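Novice: Below is the file my_file.csv, with CSV, C-alpha atoms.
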```
chain,number,residue,atom,x,y,z
Y,1,MET,CA,-15.6,78.1,53.8
Y,2,THR,CA,-15.2,78.4,57.6
Y,3,GLU,CA,-18.8,77.9,58.6
Y,4,LYS,CA,-20.5,74.5,58.2
Y,5,MET,CA,-24.1,74.2,57.3
Y,6,ASN,CA,-25.9,72.0,59.9
Y,7,TYR,CA,-29.2,71.6,58.0
Y,8,THR,CA,-30.4,69.7,55.0
Y,9,MET,CA,-31.9,71.7,52.1
Y,10,LYS,CA,-35.2,70.3,50.9
Y,11,PHE,CA,-35.9,70.1,47.2
Y,12,ASP,CA,-39.6,69.7,46.4
Y,13,LEU,CA,-40.0,68.8,42.7
Y,14,ASP,CA,-43.8,68.5,43.2
Y,15,THR,CA,-44.2,72.1,44.3
Y,16,ASP,CA,-42.1,73.3,41.4
Y,17,LYS,CA,-44.1,71.2,39.0
Y,18,SER,CA,-47.3,72.4,40.5
Y,19,GLN,CA,-46.3,76.0,40.3
Y,20,LYS,CA,-45.4,75.7,36.6
Y,21,ALA,CA,-48.7,74.0,35.9
Y,22,LYS,CA,-50.6,76.8,37.6
Y,23,GLU,CA,-48.7,79.4,35.5
Y,24,ILE,CA,-49.6,77.5,32.3
Y,25,ILE,CA,-53.2,77.2,33.3
Y,26,THR,CA,-53.5,80.9,34.1
Y,27,THR,CA,-51.7,82.0,30.9
Y,28,VAL,CA,-54.0,79.7,28.8
Y,29,TYR,CA,-57.1,80.9,30.6
Y,30,GLN,CA,-56.2,84.5,29.9
Y,31,ALA,CA,-55.5,83.8,26.2
Y,32,LEU,CA,-58.8,82.1,25.8
Y,33,GLU,CA,-60.6,85.1,27.5
Y,34,GLU,CA,-58.7,87.6,25.3
Y,35,LYS,CA,-59.9,85.8,22.2
Y,36,GLY,CA,-63.5,85.8,23.4
Y,37,TYR,CA,-63.8,82.1,24.3
Y,38,ASN,CA,-65.4,80.6,27.4
Y,39,PRO,CA,-62.2,79.2,29.1
Y,40,VAL,CA,-64.1,76.7,31.2
Y,41,ASN,CA,-65.8,75.2,28.2
Y,42,GLN,CA,-62.6,75.1,26.2
Y,43,PHE,CA,-60.6,73.4,29.0
Y,44,ILE,CA,-63.4,70.8,29.4
Y,45,GLY,CA,-63.3,70.1,25.7
Y,46,TYR,CA,-59.6,69.7,25.7
Y,47,ILE,CA,-59.5,67.5,28.8
Y,48,LEU,CA,-62.2,65.2,27.5
Y,49,SER,CA,-61.0,64.9,23.9
Y,50,GLY,CA,-57.3,65.6,24.1
Y,51,ASP,CA,-57.8,67.7,21.0
Y,52,PRO,CA,-55.5,70.8,21.3
Y,53,THR,CA,-57.7,72.8,18.8
Y,54,TYR,CA,-59.9,73.5,21.8
Y,55,ILE,CA,-57.1,75.8,23.0
Y,56,THR,CA,-56.3,79.0,21.1
Y,57,SER,CA,-52.9,79.5,19.6
Y,58,HIS,CA,-53.0,83.1,20.8
Y,59,ASN,CA,-50.0,83.9,23.0
Y,60,ASN,CA,-48.7,80.4,22.4
Y,61,ALA,CA,-51.5,79.0,24.7
Y,62,ARG,CA,-51.8,75.8,22.6
Y,63,GLY,CA,-48.1,75.1,22.9
Y,64,LEU,CA,-48.1,75.8,26.6
Y,65,ILE,CA,-51.0,73.5,27.4
Y,66,ARG,CA,-49.3,70.6,25.6
Y,67,LYS,CA,-46.5,70.8,28.1
Y,68,LEU,CA,-48.9,69.3,30.6
Y,69,GLU,CA,-50.4,65.9,30.4
Y,70,ARG,CA,-54.2,66.0,30.6
Y,71,ASP,CA,-54.2,64.1,33.9
Y,72,GLU,CA,-51.7,66.7,35.3
Y,73,LEU,CA,-54.0,69.5,34.2
Y,74,LEU,CA,-57.0,67.8,35.8
Y,75,GLU,CA,-55.1,67.2,39.0
Y,76,GLU,CA,-54.0,70.8,39.3
Y,77,LEU,CA,-57.6,72.1,38.6
Y,78,LEU,CA,-59.0,69.7,41.2
Y,79,LYS,CA,-56.4,70.6,43.8
Y,80,SER,CA,-57.0,74.2,43.3
Y,81,TYR,CA,-60.8,73.7,43.6
Y,82,LEU,CA,-60.5,71.7,46.8
Y,83,GLN,CA,-58.0,74.2,48.4
Y,84,ASP,CA,-60.8,76.8,48.3
Y,85,LYS,CA,-63.2,74.6,50.2
```
Show the structure stored in the file as structure tokens.

Specialist:
Amino acid sequence: MTEKMNYTMKFDLDTDKSQKAKEIITTVYQALEEKGYNPVNQFIGYILSGDPTYITSHNNARGLIRKLERDELLEELLKSYLQDK
């Protein structure tokens, strides 16, 4: 390699983690809608209780939501809400 790189690459784990969380939330939301549930009510039930049966198993939504801790889920939802303000 004849050319040296004179800059430092930045790796942002938080951004990657946040993007994955958003993808999970969107997928779960769509699965809940497809099955006729009110996604907002179902997310609230899940966040408050930790009971994954509030989330449908349709399209593996229940498996996906369990990849996030409830506090991570709440953090992403709040960040998204506040960004729109």

Novice: Of the residues Y:Glu76, Y:Asp71, Y:Asp84, Y:Glu34, which is the one nearest to Ser57 in chain Y, using only C-alpha atoms?

Specialist: Y:Glu34

Novice: Can you list every residue of range 53-81 of chain Y that has an atom at most 10 Å from range 18-24 of chain Y, with its nearest atom pair and the distance in Å to one decimal, using all atoms listed in the file, ordered by chain then number, as JSON lines?

Specialist:
```
{"residue": "Y:Ala61", "atom": "CA", "partner": "Y:Ile24", "partner_atom": "CA", "distance": 8.0}
{"residue": "Y:Gly63", "atom": "CA", "partner": "Y:Ile24", "partner_atom": "CA", "distance": 9.8}
{"residue": "Y:Leu64", "atom": "CA", "partner": "Y:Ile24", "partner_atom": "CA", "distance": 6.1}
{"residue": "Y:Ile65", "atom": "CA", "partner": "Y:Ile24", "partner_atom": "CA", "distance": 6.5}
{"residue": "Y:Arg66", "atom": "CA", "partner": "Y:Ile24", "partner_atom": "CA", "distance": 9.6}
{"residue": "Y:Lys67", "atom": "CA", "partner": "Y:Ile24", "partner_atom": "CA", "distance": 8.5}
{"residue": "Y:Leu68", "atom": "CA", "partner": "Y:Ala21", "partner_atom": "CA", "distance": 7.1}
{"residue": "Y:Glu69", "atom": "CA", "partner": "Y:Ala21", "partner_atom": "CA", "distance": 9.9}
{"residue": "Y:Glu72", "atom": "CA", "partner": "Y:Ala21", "partner_atom": "CA", "distance": 7.9}
{"residue": "Y:Leu73", "atom": "CA", "partner": "Y:Ala21", "partner_atom": "CA", "distance": 7.2}
{"residue": "Y:Glu75", "atom": "CA", "partner": "Y:Ser18", "partner_atom": "CA", "distance": 9.5}
{"residue": "Y:Glu76", "atom": "CA", "partner": "Y:Ser18", "partner_atom": "CA", "distance": 7.0}
{"residue": "Y:Leu77", "atom": "CA", "partner": "Y:Lys22", "partner_atom": "CA", "distance": 8.5}
{"residue": "Y:Lys79", "atom": "CA", "partner": "Y:Ser18", "partner_atom": "CA", "distance": 9.8}
{"residue": "Y:Ser80", "atom": "CA", "partner": "Y:Lys22", "partner_atom": "CA", "distance": 9.0}
```

Novice: Smallest atom-to-atom distance to Leu74 in chain Y: which of Y:Ile25, Y:Thr8, Y:Arg62, Y:Pro52, using all atoms listed in the file?

Specialist: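 Residue with the minimum atom-to-atom distance to Leu74 in chain Y: Y:Ile25.
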
Novice: In Å, rounded to a single decimal, give me how far CA of Phe43 in chain Y is from CA of Asp16 in chain Y.

Specialist: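 Calculated distance between CA of Asp16 in chain Y and CA of Phe43 in chain Y is 22.3 Å.
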
Novice: Would you compute the distance between CA of Val40 in chain Y and CA of Leu78 in chain Y? Give it in Å to one decimal.

Specialist: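 Computed distance, CA of Val40 in chain Y to CA of Leu78 in chain Y, equals 13.2 Å.
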
Novice: Can you tell me how far CA of Gln42 in chain Y sits from CA of Asn60 in chain Y, in Å to one decimal?

Specialist: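 Interatomic distance here is 15.4 Å.
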